[in-house]
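J.: Contents of model.txt (compact mmCIF, C-alpha atoms) are given next:
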# COMPACT_ATOMS: atom_id res chain seq x y z
CA MET A 1 0.00 0.00 0.00
CA THR A 2 1.29 3.47 -0.83
CA THR A 3 0.60 6.63 1.13
CA ASP A 4 0.35 10.10 -0.33
CA VAL A 5 2.71 11.81 2.11
CA SER A 6 2.10 15.21 0.58
CA ARG A 7 -1.51 15.04 1.78
CA SER A 8 -1.05 13.26 5.10
CA ALA A 9 2.25 14.65 6.37
CA PHE A 10 1.95 15.91 9.93
CA SER A 11 5.26 14.95 11.58
CA PRO A 12 8.40 17.04 10.85
CA GLU A 13 10.00 14.06 9.13
CA ALA A 14 7.01 13.53 6.90
CA SER A 15 6.96 17.23 6.03
CA VAL A 16 10.58 17.01 4.94
CA ILE A 17 9.83 13.99 2.77
CA ALA A 18 6.84 15.75 1.23
CA ARG A 19 8.95 18.83 0.44
CA VAL A 20 11.67 16.72 -1.18
CA LEU A 21 9.10 14.94 -3.31
CA ARG A 22 7.57 18.23 -4.41
CA GLU A 23 10.97 19.68 -5.27
CA SER A 24 12.11 16.62 -7.16
CA GLY A 25 8.86 16.68 -9.15
CA ALA A 26 9.43 20.33 -10.01
CA HIS A 27 13.00 19.51 -10.95
CA LEU A 28 11.79 16.83 -13.35
CA THR A 29 9.31 19.23 -14.88
CA ASN A 30 11.98 21.84 -15.31
CA SER A 31 14.33 19.28 -16.83
CA ALA A 32 11.67 18.19 -19.29
CA THR A 33 10.98 21.78 -20.26
CA PHE A 34 14.66 22.41 -20.72
CA SER A 35 15.13 19.24 -22.71
CA LYS A 36 12.42 20.32 -25.16
CA ASP A 37 14.03 23.67 -25.87
CA HIS A 38 15.86 22.39 -28.93
CA ALA A 39 12.62 21.09 -30.45
CA TYR A 40 10.85 24.38 -29.70
CA SER A 41 13.70 26.31 -31.25
CA ALA A 42 13.75 24.17 -34.39
CA LEU A 43 9.98 24.53 -34.74
CA HIS A 44 10.25 28.29 -34.40
CA ASP A 45 13.01 28.40 -37.03
CA VAL A 46 10.83 26.51 -39.50
CA TRP A 47 7.88 28.78 -38.77
CA THR A 48 10.02 31.86 -39.33
CA GLU A 49 11.03 30.48 -42.75
CA THR A 50 7.48 29.69 -43.79
CA ARG A 51 5.25 32.39 -42.33
CA LYS A 52 4.76 34.20 -45.62
CA ALA A 53 2.68 32.72 -48.43
CA GLY A 54 4.71 31.44 -51.34
CA TRP A 55 7.62 30.31 -49.17
CA ASP A 56 8.11 27.31 -51.49
CA GLY A 57 8.52 29.52 -54.54
CA ALA A 58 5.04 28.51 -55.69
CA ASP A 59 1.64 28.78 -54.05
CA ALA A 60 2.38 27.54 -50.53
CA ALA A 61 0.11 28.87 -47.81
CA GLY A 62 1.91 30.82 -45.12
CA ILE A 63 2.08 28.96 -41.82
CA GLU A 64 -0.34 30.68 -39.45
CA GLN A 65 0.52 31.52 -35.87
CA VAL A 66 -2.25 29.24 -34.62
CA THR A 67 -0.64 26.33 -36.46
CA TYR A 68 2.69 27.10 -34.83
CA GLN A 69 0.98 27.24 -31.45
CA ASN A 70 -0.77 23.92 -32.09
CA ALA A 71 2.53 22.28 -33.03
CA ARG A 72 4.26 23.75 -29.98
CA ARG A 73 1.46 22.48 -27.73
CA PHE A 74 1.83 19.07 -29.36
CA ILE A 75 5.50 18.99 -28.34
CA GLU A 76 4.60 20.25 -24.87
CA ALA A 77 2.09 17.41 -24.53
CA LEU A 78 4.69 14.73 -25.22
CA PRO A 79 5.05 12.67 -22.06
CA LEU A 80 8.34 12.56 -20.23
CA GLY A 81 10.83 10.23 -21.83
CA TYR A 82 9.38 10.38 -25.32
CA PRO A 83 11.86 11.24 -28.10
CA LEU A 84 11.52 14.72 -29.52
CA PRO A 85 10.69 15.34 -33.19
CA SER A 86 12.32 17.46 -35.84
CA ALA A 87 10.17 20.08 -37.54
CA GLY A 88 9.21 20.90 -41.09
CA ALA A 89 6.47 22.54 -43.13
CA GLU A 90 4.14 21.62 -45.96
CA PRO A 91 2.75 23.80 -48.77
CA ASP A 92 -0.84 23.47 -47.54
CA GLY A 93 0.04 25.43 -44.41
CA HIS A 94 0.64 22.54 -42.05
CA LEU A 95 3.67 22.09 -39.82
CA THR A 96 5.24 18.66 -39.62
CA LEU A 97 6.87 16.81 -36.74
CA GLU A 98 9.00 13.82 -37.58
CA TRP A 99 10.34 10.94 -35.53
CA TYR A 100 13.04 9.16 -37.49
CA LEU A 101 15.18 6.12 -37.04
CA GLU A 102 16.07 5.42 -40.66
CA PRO A 103 14.43 6.20 -44.03
CA LYS A 104 12.16 3.15 -43.91
CA TRP A 105 11.37 3.53 -40.22
CA THR A 106 9.82 6.90 -39.57
CA LEU A 107 6.70 8.76 -38.49
CA SER A 108 5.53 12.11 -39.84
CA VAL A 109 2.72 14.08 -38.20
CA SER A 110 1.14 17.10 -39.89
CA ILE A 111 -0.64 19.65 -37.73
CA SER A 112 -3.22 21.95 -39.26
CA PRO A 113 -4.47 25.36 -38.13
CA GLU A 114 -7.65 23.65 -36.90
CA GLY A 115 -5.68 21.18 -34.80
CA THR A 116 -6.27 18.24 -37.10
CA VAL A 117 -3.45 15.75 -37.03
CA HIS A 118 -2.64 13.75 -40.15
CA TYR A 119 -0.05 11.05 -39.63
CA ALA A 120 1.78 8.59 -41.83
CA ALA A 121 4.37 6.11 -40.69
CA LEU A 122 6.67 3.81 -42.56
CA PHE A 123 7.79 0.64 -40.79
CA GLY A 124 9.47 -1.44 -43.45
CA ASN A 125 6.64 -2.64 -45.68
CA GLU A 126 3.90 -1.39 -43.36
CA ASP A 127 2.57 2.12 -43.75
CA PRO A 128 -0.07 2.94 -41.13
CA ARG A 129 -1.71 6.31 -41.59
CA GLY A 130 -4.75 8.27 -40.49
CA SER A 131 -6.03 11.48 -39.01
CA CYS A 132 -7.43 12.59 -35.70
CA GLN A 133 -7.98 15.72 -33.65
CA PHE A 134 -5.55 17.23 -31.16
CA PHE A 135 -7.30 18.65 -28.08
CA GLY A 136 -4.24 19.17 -25.92
CA GLU A 137 -3.49 15.50 -25.33
CA ILE A 138 -1.66 13.46 -27.92
CA PRO A 139 -3.91 10.71 -29.30
CA GLU A 140 -2.90 7.26 -28.06
CA THR A 141 -2.50 6.01 -31.64
CA VAL A 142 0.17 8.61 -32.29
CA LEU A 143 1.93 7.86 -28.99
CA PHE A 144 1.97 4.19 -29.95
CA LEU A 145 3.51 5.01 -33.33
CA ILE A 146 6.17 7.25 -31.75
CA ARG A 147 7.14 4.38 -29.44
CA TRP A 148 7.15 2.00 -32.41
CA VAL A 149 9.71 4.12 -34.25
CA PHE A 150 12.26 3.61 -31.52
CA TYR A 151 11.12 0.52 -29.60
CA PRO A 152 9.53 -1.86 -32.13
CA MET B 1 19.01 21.31 -71.98
CA ILE B 2 16.01 19.88 -73.82
CA ASP B 3 15.21 21.50 -77.15
CA PRO B 4 12.36 23.88 -76.24
CA ASP B 5 10.72 23.25 -79.60
CA ARG B 6 10.65 19.50 -79.10
CA VAL B 7 10.01 18.67 -75.46
CA PRO B 8 9.49 14.91 -75.16
CA ASP B 9 7.27 13.13 -72.67
CA VAL B 10 8.95 12.05 -69.46
CA GLU B 11 10.25 8.49 -69.65
CA ALA B 12 10.42 6.05 -66.75
CA GLY B 13 14.21 5.91 -66.79
CA GLU B 14 14.70 9.65 -66.49
CA LEU B 15 16.29 11.20 -63.45
CA LEU B 16 14.42 14.07 -61.81
CA GLY B 17 15.95 16.67 -59.50
CA ARG B 18 14.12 18.34 -56.62
CA PHE B 19 15.75 21.48 -55.24
CA VAL B 20 15.80 21.84 -51.46
CA THR B 21 15.41 25.35 -50.10
CA GLN B 22 14.10 24.73 -46.56
CA SER B 23 16.29 23.70 -43.66
CA GLY B 24 13.51 21.49 -42.30
CA GLN B 25 13.32 19.36 -45.43
CA PHE B 26 16.38 17.21 -44.75
CA ARG B 27 18.00 15.46 -41.83
CA ALA B 28 21.44 15.52 -40.27
CA ASP B 29 22.38 12.39 -42.21
CA LYS B 30 21.42 14.24 -45.45
CA THR B 31 18.48 11.99 -46.23
CA VAL B 32 15.46 14.00 -47.31
CA LYS B 33 12.14 14.10 -45.48
CA GLN B 34 8.73 13.47 -46.94
CA ASP B 35 8.22 17.24 -46.73
CA VAL B 36 10.30 17.62 -49.91
CA PHE B 37 7.74 15.66 -51.91
CA ILE B 38 4.48 16.95 -50.47
CA PRO B 39 2.55 18.55 -53.35
CA THR B 40 1.47 22.18 -53.52
CA THR B 41 -2.15 23.14 -53.01
CA LYS B 42 -2.53 22.70 -56.77
CA GLY B 43 -1.44 19.09 -56.40
CA GLU B 44 1.97 19.38 -58.04
CA VAL B 45 5.57 18.72 -57.10
CA SER B 46 7.95 20.71 -59.26
CA VAL B 47 11.09 18.92 -60.48
CA MET B 48 13.82 19.35 -63.06
CA ARG B 49 14.50 16.68 -65.63
CA HIS B 50 18.17 15.79 -65.99
CA ARG B 51 17.61 14.86 -69.63
CA ASP B 52 20.05 16.64 -71.94
CA ALA B 53 21.16 18.93 -69.12
CA SER B 54 24.69 19.30 -67.81
CA ALA B 55 25.39 19.42 -64.08
CA GLU B 56 26.21 23.09 -64.48
CA GLU B 57 22.86 23.78 -66.14
CA ILE B 58 20.97 21.90 -63.44
CA TRP B 59 22.63 23.88 -60.66
CA LYS B 60 22.12 27.12 -62.56
CA VAL B 61 18.37 26.48 -62.52
CA GLY B 62 18.56 25.53 -58.83
CA HIS B 63 20.25 28.79 -57.96
CA ALA B 64 17.72 30.72 -60.03
CA VAL B 65 14.86 28.99 -58.17
CA ALA B 66 16.38 29.75 -54.77
CA ASP B 67 17.26 33.33 -55.73
CA GLY B 68 13.71 33.90 -56.92
CA MET B 69 12.50 32.79 -53.49
CA ARG B 70 15.28 34.69 -51.68
CA ARG B 71 16.20 31.40 -50.08
CA THR B 72 19.30 29.38 -49.51
CA LEU B 73 19.83 26.54 -51.96
CA TYR B 74 20.71 23.70 -49.57
CA GLY B 75 21.04 21.23 -52.39
CA ARG B 76 19.21 18.79 -54.57
CA SER B 77 17.71 15.34 -54.24
CA ASP B 78 17.24 13.12 -57.30
CA LEU B 79 14.86 10.28 -57.98
CA GLN B 80 13.88 8.15 -60.94
CA ALA B 81 10.65 8.97 -62.74
CA SER B 82 9.77 5.29 -62.44
CA ALA B 83 9.52 5.70 -58.65
CA CYS B 84 6.66 8.12 -59.21
CA ALA B 85 4.88 5.70 -61.54
CA ASN B 86 5.37 2.90 -59.03
CA ALA B 87 3.62 5.08 -56.44
CA GLY B 88 0.65 5.63 -58.76
CA LEU B 89 1.74 9.13 -59.81
CA ARG B 90 2.63 10.55 -63.20
CA VAL B 91 5.30 12.99 -64.29
CA ASP B 92 4.22 15.59 -66.84
CA ALA B 93 6.62 17.70 -68.86
CA THR B 94 5.76 21.30 -68.03
CA PRO B 95 8.50 23.40 -69.61
CA ILE B 96 8.95 26.94 -68.33
CA LEU B 97 10.09 28.80 -71.40
CA PRO B 98 12.48 30.21 -72.24
CA ASP B 99 14.55 29.50 -69.13
CA ASN B 100 13.75 25.94 -68.17
CA PRO B 101 12.51 23.54 -70.85
CA ASN B 102 13.43 20.72 -68.45
CA HIS B 103 10.75 21.59 -65.91
CA ALA B 104 8.24 18.88 -64.99
CA ASP B 105 5.54 18.29 -62.39
CA ILE B 106 4.71 15.18 -60.40
CA ASN B 107 0.92 14.92 -60.56
CA GLY B 108 -1.88 12.50 -59.76
CA TRP B 109 -1.78 12.71 -55.97
CA PRO B 110 -4.56 11.10 -53.90
CA ALA B 111 -7.23 13.21 -52.25
CA THR B 112 -6.52 12.54 -48.59
CA LYS B 113 -3.65 14.17 -46.74
CA GLU B 114 -2.44 11.02 -45.02
CA ASP B 115 -2.33 9.16 -48.34
CA ARG B 116 -0.25 11.97 -49.86
CA LYS B 117 2.10 11.81 -46.89
CA ALA B 118 2.46 8.04 -47.21
CA ILE B 119 3.44 8.37 -50.87
CA ALA B 120 5.81 11.26 -50.18
CA GLN B 121 7.52 9.12 -47.52
CA LYS B 122 8.09 6.35 -50.05
CA LEU B 123 9.51 8.78 -52.61
CA ALA B 124 11.84 10.15 -49.94
CA VAL B 125 13.10 6.62 -49.26
CA VAL B 126 14.20 6.06 -52.86
CA ALA B 127 15.38 9.62 -53.50
CA SER B 128 19.07 10.39 -53.25
CA LYS B 129 20.61 12.03 -50.24
CA LEU B 130 20.91 15.78 -50.35
CA MET B 131 23.67 16.84 -52.71
CA PRO B 132 25.01 20.29 -51.87
CA PRO B 133 25.60 22.74 -54.69
CA PRO B 134 29.19 22.96 -55.90
How would this structure read if it were set down as structure tokens?

T.:
Amino acid sequence: MTTDVSRSAFSPEASVIARVLRESGAHLTNSATFSKDHAYSALHDVWTETRKAGWDGADAAGIEQVTYQNARRFIEALPLGYPLPSAGAEPDGHLTLEWYLEPKWTLSVSISPEGTVHYAALFGNEDPRGSCQFFGEIPETVLFLIRWVFYP
Amino acid sequence: MIDPDRVPDVEAGELLGRFVTQSGQFRADKTVKQDVFIPTTKGEVSVMRHRDASAEEIWKVGHAVADGMRRTLYGRSDLQASACANAGLRVDATPILPDNPNHADINGWPATKEDRKAIAQKLAVVASKLMPPP
């Protein structure tokens, strides 16, 4: 049986334990935030390159701020320990996040201004794909595919 | 370059070049991402046929494309036209005269986004690694 010491700590010793647990949790959160900085930075760089319409030299839609925010929230929502994606953009105004092991073992997720997620993976001869909505939590299907890229 | 007055249809054995002007379109190992082959909103992927073109002419067009976009030309990735046909696509000769009679478009993309991504991933697998400009 486990006891939630943060809620039932009355003795001085228990208070110390509760404080340590709180601080270590905050430390983990801060570490996770820090560890995602590179992904945020790469995403911002791509957005900067593609904000204006015609960024592909043709008729590409400019990447809207809301799309950037959706993609950033998607990265934020990645659970601790999940590998971070690289970023890219598509001419229809979507941002892409990619998890990559090798050319035939990869997952690409497109995020639209409306928060629709279109994904396509390549695992050897298998190519699962689909679409779903992102409401702040990453759909379990996508989490499964991310894990599959690195831990098949 | 191809004779502008006699532009032939694209043959399966032809090599096609795709210029890369976005830093997010390739990886550290120089393989290209599916992003390179995602079609425009008109449903096209613009490429340059190698047919009858020297390396110098191909890069000259690449630089002109990047300059027109005020972008960096990171390089070029090549693939066989047959790879497009194998993926259910077609390559149409679409010369841009007078400067680029070798221009072509990859057309025939499916309607759904995830299907387009799946095909673009497969093209990226068989495409060459990014070749930097000389």

J.: What lies within 9 Å of segment 76-78 of chain A using all atoms listed in the file, ignoring chain neighbours under 5 positions off, as a PDB file with C-alpha atoms, keeping the file's coordinate frame?

T.:
ATOM      1  CA  THR A  33      10.980  21.780 -20.260  1.00  0.00           C
ATOM      2  CA  LYS A  36      12.420  20.320 -25.160  1.00  0.00           C
ATOM      3  CA  TYR A  40      10.850  24.380 -29.700  1.00  0.00           C
ATOM      4  CA  ALA A  71       2.530  22.280 -33.030  1.00  0.00           C
ATOM      5  CA  PRO A  83      11.860  11.240 -28.100  1.00  0.00           C
ATOM      6  CA  LEU A  84      11.520  14.720 -29.520  1.00  0.00           C
ATOM      7  CA  GLY A 136      -4.240  19.170 -25.920  1.00  0.00           C
ATOM      8  CA  GLU A 137      -3.490  15.500 -25.330  1.00  0.00           C
ATOM      9  CA  ILE A 138      -1.660  13.460 -27.920  1.00  0.00           C
ATOM     10  CA  LEU A 143       1.930   7.860 -28.990  1.00  0.00           C
TER      11      LEU A 143
END

J.: Closest to chain A among B:Ala66, B:Ala81, B:Leu73, B:Ile96, using all atoms listed in the file?

T.: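 Going through B:Ala66, B:Ala81, B:Leu73, B:Ile96 one by one, the smallest distance to chain A is for B:Ala66.
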
J.: Which residue out of B:Lys33, B:Arg90, B:Arg71, B:Arg27 has the minimum interatomic distance to Ala104 of chain B when all atoms listed in the file are used?

T.: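 Looking at the shortest contact to Ala104 of chain B, the residue is B:Arg90.
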
J.: I'd like the interatomic distance between atom CA of Asp35 of chain B and atom CA of Val109 of chain A, to a tenth of an Å.

T.: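 Atom CA of Val109 of chain A lies 10.6 Å from atom CA of Asp35 of chain B.
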
J.: Which value, in Å to one decimal, gives the distance between atom CA of Asp52 of chain B and atom CA of Val91 of chain B?

T.: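 We find that atom CA of Asp52 of chain B and atom CA of Val91 of chain B lie 17.0 Å from each other.
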